[in-house]
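Visitor: Quick one: structure below, then a few questions.
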Amino acid sequence: MLDWIFEGIVTWIASVVSELFDAVSGLFLDALGTDMTAMEEYFPFVAKAFDIMQYTAWALLFLITVWQLFRVFGGPISEAENPWTLLARSSIFALLIGYAKPIFQMTLDIARAPYSSLMDIPMVGEDFTFAGVGQVLANGLTTLVAMISVVGTLLLVILEIALGWNYFKLLLETVERYIVVGVLCYTSPLAFCMGGSKATNPVFKSWCRMVGSQLLLLVMNVWFLRGFSSSMGQYIANAGALSSGRGSLFLWLFCALAFLKTAQKFDSYLAAMGLNVAQTGSSLGMEMLMATRVLSGIGSGARSAGSIFGGGNAATAGTGAASQGFAAGFASRFKGNSFVRDAVVDGGTRMGAGGSIGFIGRAFGGIAARNGATLTGESISSVATRLPNASGSIAGDIADRSLENYMPHISGYQLSNTQISGGQISTRATGPDGRESDVSLYNASQFERPDAPHSTVTASDGSTWYQMASGAGAGTFYDVPGFQGSPEEAGMVAAAFPDAAEQTMLRTVGEGVLEATDGDGSSLWYNSAYYEEPEAPHTIMQAANGVDWYAMQQSGVAPEFDTDGSALAYNQAQFQNFMPGYEQQVSSVDGTNRNEGNFEVRHADGSGTMFYDTTQFASPRGDYQVYEDTTGHQWYAIRGEAAVDQKPVYEDGKPVYDEKGLRTVAVETVRYKNTPSRYGEVKSRRMEIRAPRRRR
């Protein structure tokens, strides 16, 4: 079982290596050529700085000429050259500096002829891919090591990495050689300034030899690359066989590696022949270091896989135990799209494998992320539910399109500026109506309950989060479903407000306002996200989403009294039935303001009592009593003393005056020492986000 799993992993690595080198080879081959187009477009500064190089070269040539002329005064001791010859040579090379770039372009045109001819030679079967090489190599190894499949697949990876790595190095050297030619081109004025004097002329000659050597290397790049390509095509066609029948897979492999090595060292061979060439490419020590790193990565990946698969001592574990260990370990370590997650998380700990397997997985995970992949809720949970020092963070487009996988309630919104980190998530949500909201979520296990309005939501992993929002569309993150006040909505009411009484019916009467009706009457409920906590008596009802609603206490309603004063007995009876606890005899009742929460009763001695609804008026100053009506509502009772007021006499709407002045008439009334103030209207509040305190 373990062998089969390990063989699958190694085979997957081989396929990844093949695809990787195919992609890289295509990129490097496009960079070859004998013109300076790539040099100028990739490095535009060198073309713009060419004029400065020319002025610098003229200045150096002038200084060299002046110095050599100065040496003439030394006579035979200084071994100075003929001044007229010096001036002539300096004039010629000053002219060459001015035409340095056209001269170099002519040299490149000469090299283009053999370069293009080598490129145009047709070869059948030259096109190849490393995937084809891997397949033929696997077939050959299957024949050789059919009995030890794990060894065969591991050998496949080693051979393919060796071949691909050397091919990659050759591609890199071809580009390095091209860059060297470009550098020689754009610094050529500095070489021409050295030709004006006999003393500095050897520098110019060495530069000329280097130019010729580098152009020869540029042409040989095509020779080597096409030679290797044709060898690969032949190998895939006949699996390394020769016409004599003596060939073999390993013979071809060593010949191909030797050919690549020779191509890489060809600049050293030219230098040994006396040509001036720039030494490019990495040393043998660097190559050995790279091979060691690759093999150690595979070894560590295999050891990690073994520890996960077996979960203990592989030598003593049975097949069943190994299978069980693999299933449990794989489920706990390599979770859904973990490599995509690791590729986009900034900091934090990884979910996927380490070593070379993890490196390749993250590389392809990054490609998937850039091409529209999304993170699963489990991947987001691995960041969002951790502490900040271990979580890392996720942002960008992949966070915008993946958050709904973790927060299902946010689906249907267009998200932007999403940030996911340890215990905290923020985003900007645009609803279907186009209104935007800034939304912040805080993990309940890491943060204390906020003292600001918030809702409570549940993520896909079952964790609880405090949610706050601000902006034009923030109300949708606090609201409950719309209600029509129908008894058929009893199920919806119970689901939205689990603590509401069974017979409660709700009706939406405004944004963030509900009218609640039960057997005793009706009252208004105000959403705490929309409104400040009211002064009037109220209770707090919590919705299923965690939002607090201010449920106003139902107002007291006085009975209807006769207002024309002709039914005194009726009014007295109505009052006694309504307020049975009031013992003093009542002579009359004034219910003019009953709908405003207050009314007045008079007594036989001319005094009176004003009653005020406690749900609409604040506690009065001074002396007062509280009475309860038959419905259970309470009223403030304020006593008043009998008094007489002098009121003006009016005729035809005008006050009447006599000899003593304004004519008045005495009217009995009641004077009250204090009057309670009415509670203010419920005030709207601005929705805002206030981060709660983190738990210690």
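A note on labels: chains of the structure tokens are A, B, ... as shown, every chain counts residues from 1, and ligands are counted from 1 in their shown order.
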Tyr186 in chain A: which residues within 10 Å, counting only C-alpha atoms, same-chain residues fewer than 6 positions away excluded, as number ranges by chain?

Guide: A: 36, 39-40, 46-51, 53-54, 100-101, 104

Visitor: To one decimal in Å, tell me the separation between CA of Ala529 in chain A and CA of Gly556 in chain A.

Guide: 27.5 Å

Visitor: Applying 10 Å and only C-alpha atoms, which residues near Glu515 in chain A remain after dropping the ones on its own chain fewer than 2 positions away? List them as an MDAnalysis selection string.

Guide: chainID A and resid 483:485 504:510 513 517 522:526 551:552

Visitor: Near Arg341 in chain A, counting only C-alpha atoms, which residues have an atom at most 8 Å away, once you skip same-chain residues fewer than 6 positions from it, shown as a JSON list (two decimals) with C-alpha atoms, in the first residue's frame?

Guide:
```json
[["chain", "number", "residue", "atom", "x", "y", "z"],
["A", 351, "MET", "CA", -1.16, 23.47, 5.70],
["A", 365, "GLY", "CA", -1.34, 26.76, -6.26],
["A", 375, "LEU", "CA", -10.40, 28.88, -1.24],
["A", 379, "SER", "CA", -8.73, 26.78, 4.09],
["A", 380, "ILE", "CA", -10.05, 30.18, 5.21]]
```

Visitor: Between A:Arg209, A:Val601, A:Thr539, A:Gln424, which one has atoms that come closest to Ala271 in chain A, using only C-alpha atoms?

Guide: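 Using only C-alpha atoms, the shortest distance to Ala271 in chain A belongs to A:Arg209.
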
Visitor: From range 375-424 of chain A, collect each residue whose DSSP state is strand (DSSP E) and return the set as a compact mmCIF listing (two decimals) with C-alpha atoms, in the first residue's frame.

Guide:
```
# COMPACT_ATOMS: atom_id res chain seq x y z
CA SER A 393 -3.38 36.97 6.28
CA ILE A 394 -5.24 36.61 2.99
CA ALA A 395 -6.19 39.55 0.78
CA GLN A 414 -20.13 41.76 -4.42
CA LEU A 415 -17.08 41.91 -2.15
CA SER A 416 -13.94 44.03 -2.39
CA ASN A 417 -10.98 45.03 -0.18
CA THR A 418 -11.36 41.79 1.77
CA GLN A 419 -8.81 41.15 4.52
CA ILE A 420 -8.74 37.83 6.40
CA SER A 421 -6.44 37.47 9.41
CA GLN A 424 -10.73 39.23 12.26
```

Visitor: Compile the contact shell of Ile689 in chain A as a list in words: residues with an atom at most 7 Å away, counting only C-alpha atoms, same-chain residues fewer than 5 positions apart removed.

Guide: Met468, Ala469 and Ser470 of chain A

Visitor: One number please: CA of Gln616 in chain A to CA of Ser588 in chain A, in Å, one decimal.

Guide: 24.1 Å

Visitor: Might you pull out every residue within 12 Å of Ala494 in chain A, with only C-alpha atoms counted and same-chain residues fewer than 5 positions away left off, and present them as number ranges by chain?

Guide: A: 480-481, 487-489, 499-506, 542-544

Visitor: Restricted to N, CA and C atoms, what would the selected residues look like written as a PDB file, in the first residue's frame?

Guide:
```pdb
ATOM      1  N   VAL A 480     -34.195  41.886  10.358  1.00  0.00           N
ATOM      2  CA  VAL A 480     -34.893  40.601  10.351  1.00  0.00           C
ATOM      3  C   VAL A 480     -35.792  40.604   9.117  1.00  0.00           C
ATOM      4  N   PRO A 481     -36.388  39.464   8.762  1.00  0.00           N
ATOM      5  CA  PRO A 481     -37.281  39.452   7.593  1.00  0.00           C
ATOM      6  C   PRO A 481     -38.451  40.421   7.768  1.00  0.00           C
ATOM      7  N   PRO A 487     -51.273  36.313  11.398  1.00  0.00           N
ATOM      8  CA  PRO A 487     -51.088  35.157  12.297  1.00  0.00           C
ATOM      9  C   PRO A 487     -50.352  34.005  11.624  1.00  0.00           C
ATOM     10  N   GLU A 488     -50.401  33.937  10.289  1.00  0.00           N
ATOM     11  CA  GLU A 488     -49.723  32.862   9.573  1.00  0.00           C
ATOM     12  C   GLU A 488     -48.200  32.983   9.652  1.00  0.00           C
ATOM     13  N   GLU A 489     -47.701  34.132  10.114  1.00  0.00           N
ATOM     14  CA  GLU A 489     -46.257  34.335  10.215  1.00  0.00           C
ATOM     15  C   GLU A 489     -45.706  33.946  11.584  1.00  0.00           C
ATOM     16  N   ASP A 499     -37.438  34.469  21.914  1.00  0.00           N
ATOM     17  CA  ASP A 499     -37.973  34.792  23.236  1.00  0.00           C
ATOM     18  C   ASP A 499     -39.319  35.510  23.183  1.00  0.00           C
ATOM     19  N   ALA A 500     -39.859  35.750  22.002  1.00  0.00           N
ATOM     20  CA  ALA A 500     -41.137  36.461  21.895  1.00  0.00           C
ATOM     21  C   ALA A 500     -42.283  35.563  22.375  1.00  0.00           C
ATOM     22  N   ALA A 501     -43.340  36.200  22.918  1.00  0.00           N
ATOM     23  CA  ALA A 501     -44.514  35.450  23.366  1.00  0.00           C
ATOM     24  C   ALA A 501     -45.159  34.730  22.191  1.00  0.00           C
ATOM     25  N   GLU A 502     -45.873  33.645  22.480  1.00  0.00           N
ATOM     26  CA  GLU A 502     -46.400  32.789  21.420  1.00  0.00           C
ATOM     27  C   GLU A 502     -47.375  33.521  20.501  1.00  0.00           C
ATOM     28  N   GLN A 503     -48.222  34.382  21.040  1.00  0.00           N
ATOM     29  CA  GLN A 503     -49.256  35.023  20.231  1.00  0.00           C
ATOM     30  C   GLN A 503     -48.804  36.357  19.634  1.00  0.00           C
ATOM     31  N   THR A 504     -47.517  36.660  19.712  1.00  0.00           N
ATOM     32  CA  THR A 504     -47.035  37.936  19.202  1.00  0.00           C
ATOM     33  C   THR A 504     -47.068  37.951  17.673  1.00  0.00           C
ATOM     34  N   MET A 505     -47.645  39.020  17.142  1.00  0.00           N
ATOM     35  CA  MET A 505     -47.623  39.250  15.701  1.00  0.00           C
ATOM     36  C   MET A 505     -46.797  40.511  15.435  1.00  0.00           C
ATOM     37  N   LEU A 506     -46.009  40.486  14.373  1.00  0.00           N
ATOM     38  CA  LEU A 506     -45.123  41.604  14.040  1.00  0.00           C
ATOM     39  C   LEU A 506     -45.495  42.175  12.686  1.00  0.00           C
ATOM     40  N   GLN A 542     -33.811  40.066  21.976  1.00  0.00           N
ATOM     41  CA  GLN A 542     -32.677  39.726  21.114  1.00  0.00           C
ATOM     42  C   GLN A 542     -33.154  38.847  19.970  1.00  0.00           C
ATOM     43  N   ALA A 543     -32.814  39.273  18.747  1.00  0.00           N
ATOM     44  CA  ALA A 543     -33.183  38.496  17.575  1.00  0.00           C
ATOM     45  C   ALA A 543     -32.269  37.284  17.449  1.00  0.00           C
ATOM     46  N   ALA A 544     -32.656  36.374  16.583  1.00  0.00           N
ATOM     47  CA  ALA A 544     -31.864  35.161  16.389  1.00  0.00           C
ATOM     48  C   ALA A 544     -30.477  35.468  15.844  1.00  0.00           C
TER      49      ALA A 544
END
```

Visitor: Give me the residues near Ser528 in chain A as JSON, numbers by chain, where near means some atom within 9 Å (using only C-alpha atoms) and where sequence neighbours in that chain fewer than 3 positions away do not count.

Guide: {"A": [452, 453, 454, 478, 512, 531, 532, 533, 547, 548, 549, 550, 685]}

Visitor: My list of candidates is A:Leu216, A:Val66, A:Val72, A:Met610. Which is closest to Tyr624 in chain A when distances are computed with only C-alpha atoms?

Guide: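 Using only C-alpha atoms, the shortest distance to Tyr624 in chain A belongs to A:Met610.
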
Visitor: State, in Å with one decimal place, the distance from CA of Arg696 in chain A to CA of Asp438 in chain A.

Guide: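 About the pair CA of Arg696 in chain A and CA of Asp438 in chain A: they are 26.8 Å apart.
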
Visitor: Taking the chain letters and numbering used in this document, name the residues of range 306-553 of chain A that DSSP puts in alpha helix (DSSP H), as number ranges by chain.

Guide: A: 306-310, 319-333, 338-344, 355-370, 377-384, 388-391, 397-406, 490-496

Visitor: Here is a test: counting only C-alpha atoms, which residue of A:Gly423, A:Pro408, A:Gly366, A:Pro676 is nearest to Ala343 in chain A?

Guide: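 Of A:Gly423, A:Pro408, A:Gly366, A:Pro676, the one nearest Ala343 in chain A is A:Gly366, counting only C-alpha atoms.
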